[in-house]
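Asks: Data: protein.txt, compact mmCIF, C-alpha atoms.
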```
# COMPACT_ATOMS: atom_id res chain seq x y z
CA MET A 94 14.29 32.63 21.95
CA LYS A 95 16.82 29.97 21.02
CA PRO A 96 16.68 26.44 22.43
CA GLU A 97 18.75 25.86 25.55
CA TYR A 98 21.08 22.98 24.78
CA VAL A 99 21.75 20.75 27.76
CA PHE A 100 24.91 18.90 26.73
CA GLU A 101 28.14 20.50 25.60
CA SER A 102 29.08 17.40 23.63
CA LYS A 103 27.28 14.87 21.50
CA PRO A 104 28.07 11.22 20.83
CA GLY A 105 30.31 10.47 17.90
CA THR A 106 28.73 9.00 14.82
CA GLY A 107 27.72 5.44 15.65
CA SER A 108 28.32 5.96 19.36
CA ALA A 109 26.10 6.43 22.39
CA MET A 110 26.13 8.53 25.57
CA PRO A 111 23.84 8.74 28.62
CA VAL A 112 21.38 11.65 28.79
CA ALA A 113 19.39 10.68 31.89
CA GLN A 114 19.17 7.76 34.30
CA GLY A 115 18.65 4.64 32.21
CA ILE A 116 18.50 6.50 28.87
CA HIS A 117 21.20 6.59 26.19
CA TRP A 118 21.44 8.68 23.03
CA LEU A 119 22.68 6.71 19.98
CA ARG A 120 23.66 8.88 17.02
CA MET A 121 23.21 6.92 13.78
CA PRO A 122 24.59 8.21 10.44
CA LEU A 123 22.36 8.87 7.42
CA PRO A 124 23.54 9.11 3.78
CA PHE A 125 21.57 12.34 3.19
CA ASP A 126 22.04 16.09 3.61
CA LEU A 127 20.53 15.55 7.06
CA ASP A 128 23.39 13.28 8.05
CA HIS A 129 22.23 11.72 11.32
CA ILE A 130 19.28 10.50 13.33
CA ASN A 131 19.10 10.26 17.12
CA LEU A 132 17.91 6.93 18.50
CA TRP A 133 17.00 6.38 22.14
CA LEU A 134 17.82 3.33 24.27
CA LEU A 135 15.67 2.97 27.39
CA GLU A 136 16.67 0.55 30.14
CA ASP A 137 13.90 -1.98 30.63
CA ASP A 138 13.34 -5.03 32.78
CA GLY A 139 16.04 -7.43 31.62
CA GLY A 140 17.01 -5.47 28.53
CA TRP A 141 16.47 -2.33 26.48
CA ALA A 142 13.55 -0.73 24.69
CA VAL A 143 14.62 0.94 21.44
CA VAL A 144 12.92 4.08 20.11
CA ASP A 145 13.52 4.48 16.34
CA THR A 146 16.06 2.47 14.40
CA GLY A 147 17.91 4.19 11.51
CA ILE A 148 17.70 3.18 7.85
CA SER A 149 18.28 -0.40 6.77
CA SER A 150 21.93 -0.54 5.66
CA GLY A 151 25.06 -2.51 6.40
CA THR A 152 26.45 0.49 8.29
CA SER A 153 23.38 0.76 10.51
CA LYS A 154 23.41 -2.95 11.33
CA ASP A 155 27.12 -2.92 12.15
CA ILE A 156 26.54 -0.02 14.55
CA TRP A 157 23.65 -1.87 16.16
CA ARG A 158 25.77 -5.00 16.62
CA ASN A 159 28.48 -2.96 18.32
CA THR A 160 25.87 -1.22 20.49
CA PHE A 161 24.45 -4.59 21.59
CA ASP A 162 27.88 -5.53 22.96
CA THR A 163 28.84 -2.17 24.46
CA THR A 164 26.14 0.24 25.62
CA MET A 165 23.51 -2.50 25.93
CA ARG A 166 26.00 -4.82 27.74
CA GLY A 167 24.82 -7.90 25.87
CA LEU A 168 21.25 -7.54 27.14
CA PRO A 169 18.44 -8.07 24.63
CA VAL A 170 16.06 -5.62 22.99
CA THR A 171 12.69 -5.93 24.76
CA HIS A 172 10.60 -3.62 22.55
CA VAL A 173 11.10 -1.80 19.25
CA ILE A 174 9.11 1.45 19.20
CA ALA A 175 8.81 3.60 16.09
CA THR A 176 7.68 7.21 16.38
CA HIS A 177 6.57 7.21 12.73
CA LEU A 178 6.93 5.56 9.35
CA HIS A 179 9.84 7.35 7.64
CA PRO A 180 12.78 5.11 6.69
CA ASP A 181 15.29 6.72 9.05
CA HIS A 182 12.92 5.79 11.88
CA ILE A 183 11.73 2.29 10.84
CA GLY A 184 14.46 1.09 8.45
CA CYS A 185 15.97 -1.44 10.86
CA ALA A 186 12.74 -2.11 12.77
CA GLY A 187 11.92 -5.42 11.10
CA TRP A 188 15.53 -6.58 11.36
CA LEU A 189 15.63 -5.77 15.09
CA THR A 190 12.33 -7.49 15.84
CA ARG A 191 13.59 -10.66 14.14
CA GLN A 192 16.98 -10.49 15.87
CA PHE A 193 15.34 -10.51 19.29
CA ASP A 194 11.91 -12.05 18.58
CA VAL A 195 10.05 -9.00 19.91
CA ASP A 196 7.12 -6.89 18.75
CA LEU A 197 7.12 -3.62 16.86
CA TRP A 198 5.11 -0.92 18.63
CA MET A 199 3.60 1.76 16.37
CA THR A 200 0.40 3.71 15.86
CA ARG A 201 -1.98 2.14 13.35
CA GLU A 202 -1.86 4.83 10.65
CA GLU A 203 1.95 4.82 10.65
CA TYR A 204 2.25 1.03 10.44
CA MET A 205 -0.38 0.63 7.73
CA LEU A 206 1.01 3.41 5.54
CA ALA A 207 4.52 2.05 5.97
CA ARG A 208 3.38 -1.37 4.72
CA LEU A 209 1.68 0.32 1.76
CA LEU A 210 4.72 2.38 0.76
CA VAL A 211 7.14 -0.53 1.08
CA ALA A 212 4.90 -2.50 -1.31
CA ASP A 213 5.49 0.16 -4.02
CA THR A 214 9.13 -0.89 -4.43
CA GLY A 215 9.67 -2.56 -7.79
CA LYS A 216 6.48 -1.15 -9.29
CA PRO A 217 6.27 1.60 -11.92
CA ALA A 218 5.14 5.03 -10.80
CA PRO A 219 1.32 5.13 -10.97
CA ASP A 220 -0.53 7.39 -13.39
CA GLU A 221 -2.09 9.21 -10.43
CA ALA A 222 1.34 10.28 -9.20
CA ILE A 223 2.40 11.46 -12.66
CA ARG A 224 -0.77 13.54 -12.94
CA PHE A 225 -0.17 14.95 -9.46
CA TYR A 226 3.34 16.21 -10.24
CA SER A 227 2.32 17.35 -13.73
CA ALA A 228 -0.38 19.47 -12.09
CA ALA A 229 2.25 20.92 -9.77
CA GLY A 230 4.34 22.04 -12.76
CA PHE A 231 6.96 19.32 -13.22
CA SER A 232 8.73 19.29 -16.58
CA ASP A 233 9.01 16.14 -18.68
CA GLU A 234 12.59 15.71 -17.46
CA GLU A 235 11.51 16.02 -13.82
CA LEU A 236 8.73 13.49 -14.35
CA HIS A 237 11.29 11.10 -15.85
CA ASP A 238 13.50 11.52 -12.78
CA TYR A 239 10.51 10.86 -10.53
CA ARG A 240 9.74 7.63 -12.39
CA GLU A 241 13.36 6.51 -12.00
CA ARG A 242 13.35 7.16 -8.24
CA PHE A 243 9.89 5.76 -7.52
CA GLY A 244 9.89 3.06 -4.84
CA PHE A 245 13.02 4.41 -3.12
CA PHE A 246 11.24 4.24 0.27
CA GLY A 247 11.24 0.46 0.39
CA ARG A 248 14.93 0.18 -0.46
CA LEU A 249 15.77 1.78 2.89
CA VAL A 250 13.45 -0.41 5.01
CA SER A 251 14.07 -4.00 6.07
CA LYS A 252 11.09 -6.33 5.77
CA LEU A 253 8.51 -5.17 8.28
CA PRO A 254 6.92 -7.70 10.63
CA GLU A 255 3.55 -9.03 9.51
CA SER A 256 1.95 -7.93 12.78
CA TYR A 257 2.53 -5.17 15.31
CA VAL A 258 1.36 -3.86 18.69
CA ARG A 259 -0.81 -0.81 18.25
CA ILE A 260 -0.14 2.19 20.50
CA HIS A 261 -2.80 4.86 20.96
CA GLU A 262 -2.88 8.48 22.04
CA ASN A 263 -2.59 8.78 25.85
CA ASP A 264 -1.44 5.17 26.29
CA ARG A 265 1.01 4.76 29.17
CA LEU A 266 3.90 2.50 28.18
CA ALA A 267 5.66 0.85 31.13
CA ILE A 268 9.38 0.69 30.39
CA GLY A 269 11.64 -0.18 33.30
CA ASP A 270 10.71 1.97 36.30
CA HIS A 271 8.94 4.65 34.26
CA LEU A 272 5.70 5.31 32.40
CA TRP A 273 5.80 7.02 29.01
CA ARG A 274 2.63 8.71 27.77
CA VAL A 275 1.94 8.60 24.03
CA LEU A 276 1.23 12.06 22.55
CA ILE A 277 0.17 12.21 18.90
CA GLY A 278 1.33 14.72 16.29
CA ARG A 279 0.00 14.99 12.74
CA GLY A 280 1.01 16.67 9.52
CA HIS A 281 4.60 15.54 9.09
CA SER A 282 3.20 12.01 9.12
CA PRO A 283 -0.33 10.77 9.81
CA GLU A 284 -0.14 9.59 13.46
CA HIS A 285 3.29 10.45 14.82
CA ALA A 286 3.93 9.20 18.37
CA CYS A 287 5.90 11.32 20.83
CA LEU A 288 6.71 9.81 24.23
CA TYR A 289 6.48 11.90 27.41
CA CYS A 290 7.82 10.73 30.78
CA LYS A 291 6.44 12.97 33.52
CA ASP A 292 8.59 11.76 36.39
CA GLN A 293 11.81 12.26 34.42
CA ASN A 294 10.46 15.37 32.63
CA LEU A 295 11.54 14.03 29.21
CA LEU A 296 9.93 14.16 25.78
CA ILE A 297 11.10 11.91 22.95
CA SER A 298 9.79 14.16 20.20
CA GLY A 299 10.72 12.31 17.01
CA ASP A 300 10.38 14.81 14.16
CA GLN A 301 7.46 16.67 15.73
CA VAL A 302 9.66 19.21 17.53
CA LEU A 303 13.23 19.76 16.33
CA PRO A 304 15.61 22.42 17.69
CA THR A 305 16.72 24.20 14.51
CA ILE A 306 14.63 22.99 11.57
CA SER A 307 10.95 22.33 10.94
CA ALA A 308 9.97 18.88 9.71
CA ASN A 309 8.68 18.54 6.16
CA VAL A 310 4.89 18.89 5.90
CA SER A 311 3.75 17.70 2.48
CA VAL A 312 0.82 16.67 0.34
CA TRP A 313 1.51 13.38 -1.47
CA PRO A 314 -0.09 11.73 -4.51
CA THR A 315 -1.75 9.09 -2.31
CA GLU A 316 -3.99 11.82 -0.79
CA PRO A 317 -3.87 14.69 -3.26
CA GLU A 318 -6.55 16.85 -1.59
CA ALA A 319 -5.05 16.66 1.92
CA ASN A 320 -4.49 19.65 4.19
CA PRO A 321 -1.61 18.41 6.39
CA LEU A 322 -0.46 21.89 7.40
CA ARG A 323 -3.71 22.44 9.30
CA HIS A 324 -3.15 19.15 11.15
CA TRP A 325 0.48 20.11 11.80
CA LEU A 326 -0.34 23.52 13.32
CA GLU A 327 -3.24 22.14 15.38
CA SER A 328 -1.24 19.22 16.76
CA LEU A 329 1.73 21.44 17.64
CA ALA A 330 -0.58 23.74 19.60
CA ALA A 331 -2.12 20.72 21.35
CA LEU A 332 1.32 19.28 22.20
CA ARG A 333 2.33 22.62 23.73
CA GLU A 334 -0.54 22.30 26.20
CA GLN A 335 0.45 18.76 27.21
CA ILE A 336 4.10 19.30 28.16
CA PRO A 337 5.85 21.69 30.55
CA GLU A 338 8.11 24.45 29.26
CA ASP A 339 11.15 23.01 31.03
CA VAL A 340 10.79 19.47 29.62
CA LEU A 341 14.02 18.06 28.21
CA VAL A 342 13.29 17.40 24.54
CA LEU A 343 15.08 14.43 22.96
CA PRO A 344 14.66 15.12 19.21
CA ALA A 345 15.29 12.86 16.24
CA HIS A 346 17.74 15.37 14.74
CA GLY A 347 19.92 17.96 16.43
CA LYS A 348 20.76 18.08 20.12
CA PRO A 349 18.59 17.66 23.25
CA PHE A 350 17.24 20.98 24.46
CA ARG A 351 14.91 22.81 26.80
CA GLY A 352 12.49 25.56 25.81
CA ALA A 353 9.82 23.44 24.15
CA HIS A 354 7.04 26.04 24.29
CA ALA A 355 9.19 28.75 22.73
CA ARG A 356 10.38 26.36 20.05
CA ILE A 357 6.83 25.26 19.19
CA ASP A 358 5.77 28.92 19.04
CA ALA A 359 8.65 29.62 16.65
CA ILE A 360 7.74 26.70 14.36
CA ILE A 361 4.10 27.82 14.20
CA SER A 362 5.14 31.44 13.61
CA GLU A 363 7.48 30.41 10.79
CA HIS A 364 4.69 28.65 8.93
CA LEU A 365 2.23 31.50 9.47
CA GLN A 366 4.79 33.93 8.06
CA ARG A 367 5.27 31.67 5.05
CA LEU A 368 1.52 31.58 4.51
CA GLU A 369 1.32 35.38 4.64
CA ALA A 370 4.21 35.77 2.19
CA LEU A 371 2.68 33.16 -0.13
CA HIS A 372 -0.69 34.91 -0.05
CA ASP A 373 0.99 38.18 -1.07
CA HIS A 374 2.92 36.39 -3.82
CA LEU A 375 -0.29 35.01 -5.33
CA ALA A 376 -1.41 38.36 -6.66
CA GLU A 377 -0.29 36.70 -9.90
CA SER A 378 -1.23 33.13 -10.77
CA CYS A 379 1.39 30.50 -9.90
CA ARG A 380 1.82 26.75 -9.99
CA ALA A 381 3.20 24.95 -6.94
CA VAL A 382 6.73 24.86 -8.41
CA ASP A 383 6.64 28.64 -8.89
CA THR A 384 6.40 29.28 -5.14
CA PHE A 385 9.74 27.85 -4.00
CA ASP A 386 11.57 31.19 -3.77
CA VAL A 387 8.93 32.78 -1.55
CA LEU A 388 8.50 29.69 0.66
CA PHE A 389 12.11 28.58 1.00
CA GLY A 390 14.11 31.67 0.04
CA ARG A 391 16.45 29.71 -2.21
CA ARG A 392 16.68 27.49 -5.24
CA VAL A 393 15.60 23.96 -4.44
CA PRO A 394 18.17 21.32 -5.51
CA ASP A 395 16.92 18.74 -8.00
CA GLY A 396 16.98 15.90 -5.46
CA HIS A 397 14.69 17.83 -3.11
CA ARG A 398 12.04 18.96 -5.58
CA VAL A 399 9.51 16.25 -4.69
CA MET A 400 9.55 17.18 -0.99
CA ALA A 401 9.59 20.91 -1.76
CA THR A 402 6.63 20.48 -4.10
CA GLY A 403 4.69 18.57 -1.46
CA GLU A 404 5.38 21.29 1.10
CA ALA A 405 4.39 24.02 -1.34
CA ILE A 406 1.09 22.28 -2.06
CA ALA A 407 0.50 21.88 1.70
CA HIS A 408 0.73 25.67 2.12
CA LEU A 409 -1.44 26.28 -0.95
CA HIS A 410 -4.09 23.84 0.29
CA TYR A 411 -4.16 25.57 3.67
CA LEU A 412 -4.92 28.91 1.99
CA LEU A 413 -7.37 27.20 -0.34
CA ALA A 414 -9.30 25.69 2.59
CA CYS A 415 -9.43 29.13 4.22
CA GLY A 416 -10.91 30.64 1.06
CA GLN A 417 -7.90 32.92 0.58
CA VAL A 418 -6.85 31.52 -2.81
CA SER A 419 -8.53 29.89 -5.77
CA ALA A 420 -7.22 27.06 -7.94
CA GLU A 421 -7.84 26.37 -11.62
CA ALA A 422 -6.41 23.75 -13.96
CA ASP A 423 -5.31 24.76 -17.46
CA ALA A 424 -5.79 22.72 -20.63
CA ARG A 425 -2.65 20.66 -19.92
CA GLY A 426 -3.71 19.85 -16.36
CA ALA A 427 -1.37 22.23 -14.54
CA VAL A 428 -3.05 23.81 -11.51
CA TRP A 429 -2.69 27.58 -11.12
CA TYR A 430 -3.33 29.26 -7.77
CA ARG A 431 -4.29 32.92 -7.33
CA ARG A 432 -5.17 35.13 -4.41
CA ALA A 433 -8.96 35.27 -4.01
```
Now, as a test, write the supplied structure out as structure tokens.

Replies:
Amino acid sequence: MKPEYVFESKPGTGSAMPVAQGIHWLRMPLPFDLDHINLWLLEDDGGWAVVDTGISSGTSKDIWRNTFDTTMRGLPVTHVIATHLHPDHIGCAGWLTRQFDVDLWMTREEYMLARLLVADTGKPAPDEAIRFYSAAGFSDEELHDYRERFGFFGRLVSKLPESYVRIHENDRLAIGDHLWRVLIGRGHSPEHACLYCKDQNLLISGDQVLPTISANVSVWPTEPEANPLRHWLESLAALREQIPEDVLVLPAHGKPFRGAHARIDAIISEHLQRLEALHDHLAESCRAVDTFDVLFGRRVPDGHRVMATGEAIAHLHYLLACGQVSAEADARGAVWYRRA
């Protein structure tokens, strides 16, 4: 069952449009293959609460300045809320908080990891990360490229505030005339906050539920034994129980839609099918980089190999934790997985 899109049109790049009473959809450009992020402006007492911010760039800041004068009618930002730590969501967060002298609202795990990753900028890639990608099957050339790109995260994020307001699962955030309940997702990031407004039947889903793609679920060198896919599948199932089927989903990418339960079912089913296909593929020993065809059905472009590798390892670790595969390192440190 395909998502039911609610709006025939979408805002132009850098523009905003209303989607419900007191809520505007701002479409911010991104310089990636995924070329946009949806940001949400919520009318508040005497101003606007902002949910997610776009990357830190001159283009993003120019769009924000225009939005302050037009959609926001010269009223201030009252709160900056970040669903999670990725640069397209928090890039302008610090800049916005300083512009309006307001707090950044985030979950603890997202804020702390964001601070940690930003601090990597300007440092050489650590030995642990090189060992991690060597074990996954990276060539010397690919390891060189990784070293060159290391610290890219912080280049897309303005200086984060030194303090924040922690939001917790099931908190009710009072914004204007409405309460928004915090629902937590895990796997794509450690403590991703979705916001559910019961009286308006709206869910700001961030990257947890997207209409046409599934968010990246990866193992990273900072936690090399993690099993994020288990957290992802469990938190999706839990989210399904907490929202109605006819909720209007306001996603970070793509268009607003209804049909949340069916979409969550489809995302879970897609990953379970990948796991089954991967299990069959592992009749012969493989490294993580040898599984791309079966997991993604295509050649992975060079610029996407880090994320693809992380996602491959996430699927391998899921099977490993279930006892369905074994893992063994060879003399050079590469890890080979095989069906148990």

Asks: Which residue is closest to A:Leu388? Choose from A:Glu203, A:Glu241, A:Glu369, A:Glu262 and count only C-alpha atoms.

Replies: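 Of the candidates, the smallest distance to A:Leu388 is held by A:Glu369.
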
Asks: Counting all atoms listed in the file, which residue out of A:Asp358, A:Asp145, A:Asp300, A:Glu136 sits closest to A:His346?

Replies: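 Ranked by minimum distance to A:His346, first place goes to A:Asp300.
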
Asks: At what distance in Å, to one decimal, does atom CA of A:Trp325 lie from atom CA of A:Ser362?

Replies: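 Taking atom CA of A:Ser362 and atom CA of A:Trp325, their separation equals 12.4 Å.
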
Asks: Identify, on the basis of all atoms listed in the file, every residue whose closest approach to stretch 277-286 of chain A does not exceed 9 Å; exclude the query and any residue fewer than 6 positions from it along the same chain; express the result as a ChimeraX atom specification.

Replies: /A:175-179,199-203,206,260-263,297-301,308-311,320-329,331-332

Asks: Which residue gives the smallest distance to A:Thr160 among A:Ile174, A:Val428, A:Ala207, A:Met110, with only C-alpha atoms counted?

Replies: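 Closest to A:Thr160 of all the choices is A:Met110.
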
Asks: Would you list the contacts of A:Leu412 as a ChimeraX atom specification, taking every protein, DNA or RNA residue within 12 Å and counting all atoms listed in the file, but skipping same-chain residues closer than 4 positions in sequence?

Replies: /A:320-323,364-365,367-373,375,405-408,416-420,430-433

Asks: Around the point (-1.2, -1.5, 13.0), in the coordinates given by the file, pick out the residues reaching within 6 Å, counting all atoms listed in the file, and return them as an mmCIF file with C-alpha atoms, in the frame of the given file.

Replies:
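Dumped everything to selection.cif:
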```cif
data_model
loop_
_atom_site.group_PDB
_atom_site.id
_atom_site.type_symbol
_atom_site.label_atom_id
_atom_site.label_comp_id
_atom_site.auth_asym_id
_atom_site.auth_seq_id
_atom_site.Cartn_x
_atom_site.Cartn_y
_atom_site.Cartn_z
ATOM 1 C CA ARG A 201 -1.980 2.140 13.350
ATOM 2 C CA TYR A 204 2.250 1.030 10.440
ATOM 3 C CA MET A 205 -0.380 0.630 7.730
ATOM 4 C CA TYR A 257 2.530 -5.170 15.310
ATOM 5 C CA ARG A 259 -0.810 -0.810 18.250
#
```

Asks: Under the rule that all atoms listed in the file are counted, which of A:Leu343, A:Lys252, A:Ser150, A:Ala212 is the nearest residue to A:Cys287?

Replies: A:Leu343

Asks: Write out as a ChimeraX atom specification the residues lying within 8 Å of A:Gly184, counting all atoms listed in the file and excluding same-chain residues fewer than 3 positions away.

Replies: /A:146-149,179-181,187,249-251

Asks: Could the residues in this selection be written to a file with C-alpha atoms, as a PDB file, in the frame of the given file?

Replies:
```
ATOM      1  CA  THR A 146      16.060   2.470  14.400  1.00  0.00           C
ATOM      2  CA  GLY A 147      17.910   4.190  11.510  1.00  0.00           C
ATOM      3  CA  ILE A 148      17.700   3.180   7.850  1.00  0.00           C
ATOM      4  CA  SER A 149      18.280  -0.400   6.770  1.00  0.00           C
ATOM      5  CA  HIS A 179       9.840   7.350   7.640  1.00  0.00           C
ATOM      6  CA  PRO A 180      12.780   5.110   6.690  1.00  0.00           C
ATOM      7  CA  ASP A 181      15.290   6.720   9.050  1.00  0.00           C
ATOM      8  CA  GLY A 187      11.920  -5.420  11.100  1.00  0.00           C
ATOM      9  CA  LEU A 249      15.770   1.780   2.890  1.00  0.00           C
ATOM     10  CA  VAL A 250      13.450  -0.410   5.010  1.00  0.00           C
ATOM     11  CA  SER A 251      14.070  -4.000   6.070  1.00  0.00           C
TER      12      SER A 251
END
```

Asks: Could you give me, as a tab-separated table, a per-residue list for stretch 216-257 of chain A showing, wherever an atom lies at most 7 Å from an atom of stretch 313-318 of chain A, the closest pair of atoms and their distance in Å to one decimal, using all atoms listed in the file and sorting by chain then residue number from low to high?

Replies:
```
residue	atom	partner	partner_atom	distance
A:Glu221	CA	A:Pro314	CA	6.7
A:Ala222	CA	A:Pro314	CA	5.1
A:Phe225	CA	A:Pro314	CA	5.9
```

Asks: Please provide the set of residues having any atom within 9 Å of A:Arg333, restricted to all atoms listed in the file, with same-chain residues fewer than 6 positions apart removed, written as number ranges by chain.

Replies: A: 353-354, 357-358

Asks: Restricting it to C-alpha atoms, dump the selection as an mmCIF file, in the frame of the given file.

Replies:
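Okay, out_26.cif is ready:
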```
data_model
loop_
_atom_site.group_PDB
_atom_site.id
_atom_site.type_symbol
_atom_site.label_atom_id
_atom_site.label_comp_id
_atom_site.auth_asym_id
_atom_site.auth_seq_id
_atom_site.Cartn_x
_atom_site.Cartn_y
_atom_site.Cartn_z
ATOM 1 C CA ALA A 353 9.820 23.440 24.150
ATOM 2 C CA HIS A 354 7.040 26.040 24.290
ATOM 3 C CA ILE A 357 6.830 25.260 19.190
ATOM 4 C CA ASP A 358 5.770 28.920 19.040
#
```

Asks: Using atom CA of A:Phe231 and atom CA of A:Glu377 as the two end points, give the distance in Å to one decimal.

Replies: 19.1 Å

Asks: So that I can see what lies close to stretch 394-396 of chain A, please list as JSON, numbers by chain the residues with an atom at most 10 Å from it, counting only C-alpha atoms and leaving out residues fewer than 5 positions away in the same chain.

Replies: {"A": [235, 238, 239, 242, 401]}

Asks: Given the choices A:Arg425, A:Leu210, A:Val112, A:Ile360, which gets closest to A:Val99 if the distance is worked out from all atoms listed in the file?

Replies: A:Val112

Asks: Using only C-alpha atoms, which of the listed residues (A:Val195, A:Ala427, A:Leu296, A:Val258) sits closest to A:Leu276?

Replies: A:Leu296

Asks: May I ask for the distance between atom CA of A:Trp141 and atom CA of A:Arg248, given in Å to one decimal place?

Replies: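 Between atom CA of A:Trp141 and atom CA of A:Arg248 the gap is 27.1 Å.
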